[in-house]
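Single-structure report; data block below.
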Amino acid sequence: MTSPHSGADDKAGVTIRCQDNASVGVTFCDRFSFDADSVHYAVELRAPGLTARANEVVAWIWDSDLTAFLEQLAADYRGWDGERSWRTNDRDLAVSAVFRSGGYVGLTWTLRPWPQAAGGWGASVTTWLEAGEQMAAVAADVRDFLTKEQP
């Protein structure tokens, strides 16, 4: 399940909630750009007993596109074997996907800001979604968030 939303500061965001447990989710928010080559945004993970946030994830125009990865998962709604994965060039956000019987996709979202720094941290949550339409909605919402013109 996804839900586009506006926060108190009126900046758009997207929240993806696990259909098995709505208290588990990932939120893309606080998008900004310095130039035409990149988009910066925050990613928040939530689960019972866990809240984690990376304040400046960067999507470069030459990077492998998160939305293309999500769209391919939606297109393969009949399933696949094994695990598929994607990550930002800086490796601070990674997503892995598995398909389980019954037509569900498990997306494991992993934050590891400053992966080379001493004392770095990492956190992961897994959201389960219906393959096909729910995955297509996630891909469309994330694409809209990452490509939307700033006010």
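Here, A, B, ... name the chains of the structure tokens in the order displayed, residue numbers run from 1 inside each chain, and ligands are numbered from 1 in the same displayed order.
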Within 12 Å of region 134-140 of chain A, which residues of region 94-124 of chain A come that close, and what is the closest atom pair and distance in Å for each? Count only C-alpha atoms and give it as CSV.
residue,atom,partner,partner_atom,distance
A:Ala97,CA,A:Met135,CA,11.2
A:Phe99,CA,A:Met135,CA,11.7
A:Gly103,CA,A:Gln134,CA,10.8
A:Tyr104,CA,A:Met135,CA,9.4
A:Val105,CA,A:Met135,CA,8.0
A:Gly106,CA,A:Met135,CA,10.3
A:Leu107,CA,A:Met135,CA,10.0
- Message: Give me, as a ChimeraX atom specification, all polymer residues having an atom no more than 12 Å from Cys18 (chain A), counting only C-alpha atoms and skipping those fewer than 4 positions away in the same chain.
- Response: /A:1-3,22-27,45-47,104-109,125-130,134-135,138
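Neighbouring residues of region 76-89 of chain A at 9 Å or closer, counting only C-alpha atoms and skipping chain neighbours under 6 positions away, are Val57, Val58, Ala59, Trp60, Asp63, Ser64, Asp65, Leu66, Phe69, Val95, Ser96, Ala97, Val98, Phe99, Arg100, Ser101, Gly103, Tyr104, Val105, Glu130, Ala131, Gly132, Glu133 and Met135 of chain A.
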Output file for the selection above: N, CA and C atoms, as a compact mmCIF listing (two decimals), in the first residue's frame:
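Writing the result to again-v5.txt gives the following:
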# COMPACT_ATOMS: atom_id res chain seq x y z
N VAL A 57 19.74 10.95 0.93
CA VAL A 57 19.96 9.94 -0.09
C VAL A 57 20.00 10.69 -1.41
N VAL A 58 20.90 10.29 -2.31
CA VAL A 58 21.06 11.01 -3.57
C VAL A 58 20.77 10.09 -4.74
N ALA A 59 19.92 10.56 -5.64
CA ALA A 59 19.67 9.89 -6.91
C ALA A 59 20.34 10.72 -8.00
N TRP A 60 21.37 10.16 -8.64
CA TRP A 60 22.07 10.84 -9.72
C TRP A 60 21.42 10.46 -11.04
N ASP A 63 22.64 7.24 -12.48
CA ASP A 63 22.45 6.03 -11.68
C ASP A 63 21.42 5.11 -12.29
N SER A 64 21.47 3.88 -11.89
CA SER A 64 20.39 2.95 -12.16
C SER A 64 19.17 3.49 -11.41
N ASP A 65 18.04 3.53 -12.06
CA ASP A 65 16.85 4.20 -11.54
C ASP A 65 16.02 3.28 -10.64
N LEU A 66 15.72 3.75 -9.43
CA LEU A 66 14.87 2.99 -8.51
C LEU A 66 13.50 2.73 -9.13
N PHE A 69 13.55 -0.14 -11.55
CA PHE A 69 13.62 -1.40 -10.81
C PHE A 69 12.22 -1.80 -10.31
N VAL A 95 17.54 -1.91 -1.99
CA VAL A 95 16.26 -2.60 -1.98
C VAL A 95 16.48 -3.99 -2.58
N SER A 96 16.00 -5.01 -1.89
CA SER A 96 16.01 -6.36 -2.45
C SER A 96 14.57 -6.84 -2.52
N ALA A 97 14.29 -7.66 -3.52
CA ALA A 97 12.92 -8.13 -3.74
C ALA A 97 12.90 -9.63 -3.94
N VAL A 98 11.91 -10.27 -3.30
CA VAL A 98 11.67 -11.69 -3.49
C VAL A 98 10.18 -11.87 -3.80
N PHE A 99 9.87 -12.95 -4.49
CA PHE A 99 8.49 -13.26 -4.84
C PHE A 99 8.09 -14.49 -4.05
N ARG A 100 6.91 -14.43 -3.42
CA ARG A 100 6.42 -15.61 -2.71
C ARG A 100 5.10 -16.05 -3.31
N SER A 101 4.80 -17.31 -3.11
CA SER A 101 3.58 -17.87 -3.68
C SER A 101 2.37 -17.06 -3.24
N GLY A 103 1.32 -14.57 -5.07
CA GLY A 103 1.42 -13.29 -5.77
C GLY A 103 1.83 -12.13 -4.90
N TYR A 104 2.79 -12.32 -4.02
CA TYR A 104 3.25 -11.24 -3.14
C TYR A 104 4.74 -10.98 -3.33
N VAL A 105 5.10 -9.71 -3.23
CA VAL A 105 6.49 -9.29 -3.35
C VAL A 105 6.95 -8.75 -2.00
N GLU A 130 1.12 -6.81 -2.81
CA GLU A 130 0.61 -7.64 -3.89
C GLU A 130 1.40 -7.33 -5.15
N ALA A 131 1.76 -8.39 -5.88
CA ALA A 131 2.43 -8.20 -7.17
C ALA A 131 1.45 -7.54 -8.13
N GLY A 132 1.94 -6.91 -9.13
CA GLY A 132 1.06 -6.31 -10.13
C GLY A 132 0.62 -4.92 -9.76
N GLU A 133 -0.67 -4.76 -9.45
CA GLU A 133 -1.22 -3.41 -9.26
C GLU A 133 -0.62 -2.65 -8.08
N MET A 135 2.34 -3.11 -6.77
CA MET A 135 3.72 -2.80 -7.16
C MET A 135 3.74 -1.68 -8.20
- Message: I need the residues in region 34-99 of chain A that are strand (DSSP E) according to DSSP; give them as an NGL selection string.
- Response: :A and (38-47 or 50-60 or 83-87 or 93-99)
- In Å, how far is it from CA of Arg91 (chain A) to CA of Ala36 (chain A)? 20.9 Å
- For Arg53 (chain A), which of A:Leu73, A:Leu111, A:Ala68, A:Ala94 is the closest residue, counting only C-alpha atoms?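 Counting only C-alpha atoms, the residue closest to Arg53 (chain A) is A:Leu111.
Within region 16-145 of chain A, residues classed as helix (DSSP H, G or I) by DSSP on backbone coordinates are Leu66, Thr67, Ala68, Phe69, Leu70, Glu71, Gln72, Leu73, Ala74, Ala75, Glu133, Gln134, Met135, Ala136, Ala137, Val138, Ala139, Ala140, Asp141, Val142, Arg143, Asp144 and Phe145 of chain A.
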Requested write-out: C-alpha atoms of the selected residues, as a PDB file, in the first residue's frame:
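Saved the output as result.pdb:
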ATOM      1  CA  LEU A  66      14.870   2.989  -8.511  1.00  0.00           C
ATOM      2  CA  THR A  67      11.595   3.512 -10.370  1.00  0.00           C
ATOM      3  CA  ALA A  68      12.762   1.363 -13.310  1.00  0.00           C
ATOM      4  CA  PHE A  69      13.616  -1.403 -10.807  1.00  0.00           C
ATOM      5  CA  LEU A  70      10.171  -1.141  -9.174  1.00  0.00           C
ATOM      6  CA  GLU A  71       8.411  -1.001 -12.568  1.00  0.00           C
ATOM      7  CA  GLN A  72      10.192  -4.183 -13.667  1.00  0.00           C
ATOM      8  CA  LEU A  73       9.025  -5.929 -10.496  1.00  0.00           C
ATOM      9  CA  ALA A  74       5.445  -4.829 -11.257  1.00  0.00           C
ATOM     10  CA  ALA A  75       5.741  -6.047 -14.856  1.00  0.00           C
ATOM     11  CA  GLU A 133      -1.224  -3.405  -9.257  1.00  0.00           C
ATOM     12  CA  GLN A 134       0.173  -2.580  -5.810  1.00  0.00           C
ATOM     13  CA  MET A 135       3.719  -2.802  -7.163  1.00  0.00           C
ATOM     14  CA  ALA A 136       2.747  -0.621 -10.138  1.00  0.00           C
ATOM     15  CA  ALA A 137       1.244   1.948  -7.756  1.00  0.00           C
ATOM     16  CA  VAL A 138       4.446   1.968  -5.662  1.00  0.00           C
ATOM     17  CA  ALA A 139       6.565   2.477  -8.782  1.00  0.00           C
ATOM     18  CA  ALA A 140       4.314   5.299 -10.038  1.00  0.00           C
ATOM     19  CA  ASP A 141       4.257   7.052  -6.653  1.00  0.00           C
ATOM     20  CA  VAL A 142       8.044   6.830  -6.268  1.00  0.00           C
ATOM     21  CA  ARG A 143       8.551   8.058  -9.853  1.00  0.00           C
ATOM     22  CA  ASP A 144       6.241  11.000  -9.210  1.00  0.00           C
ATOM     23  CA  PHE A 145       8.077  11.833  -5.976  1.00  0.00           C
TER      24      PHE A 145
END
- Nearest-residue call for Tyr41 (chain A), choices A:Ala12, A:Trp121, A:Arg17, A:Trp114, using only C-alpha atoms: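 Counting only C-alpha atoms, the residue closest to Tyr41 (chain A) is A:Ala12.
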- Item | Nearest candidate to Glu44 (chain A) (options A:Phe28, A:Gly120, A:Gly13, A:Asp92; using only C-alpha atoms) |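 Going through A:Phe28, A:Gly120, A:Gly13, A:Asp92 one by one, the smallest distance to Glu44 (chain A) is for A:Phe28.
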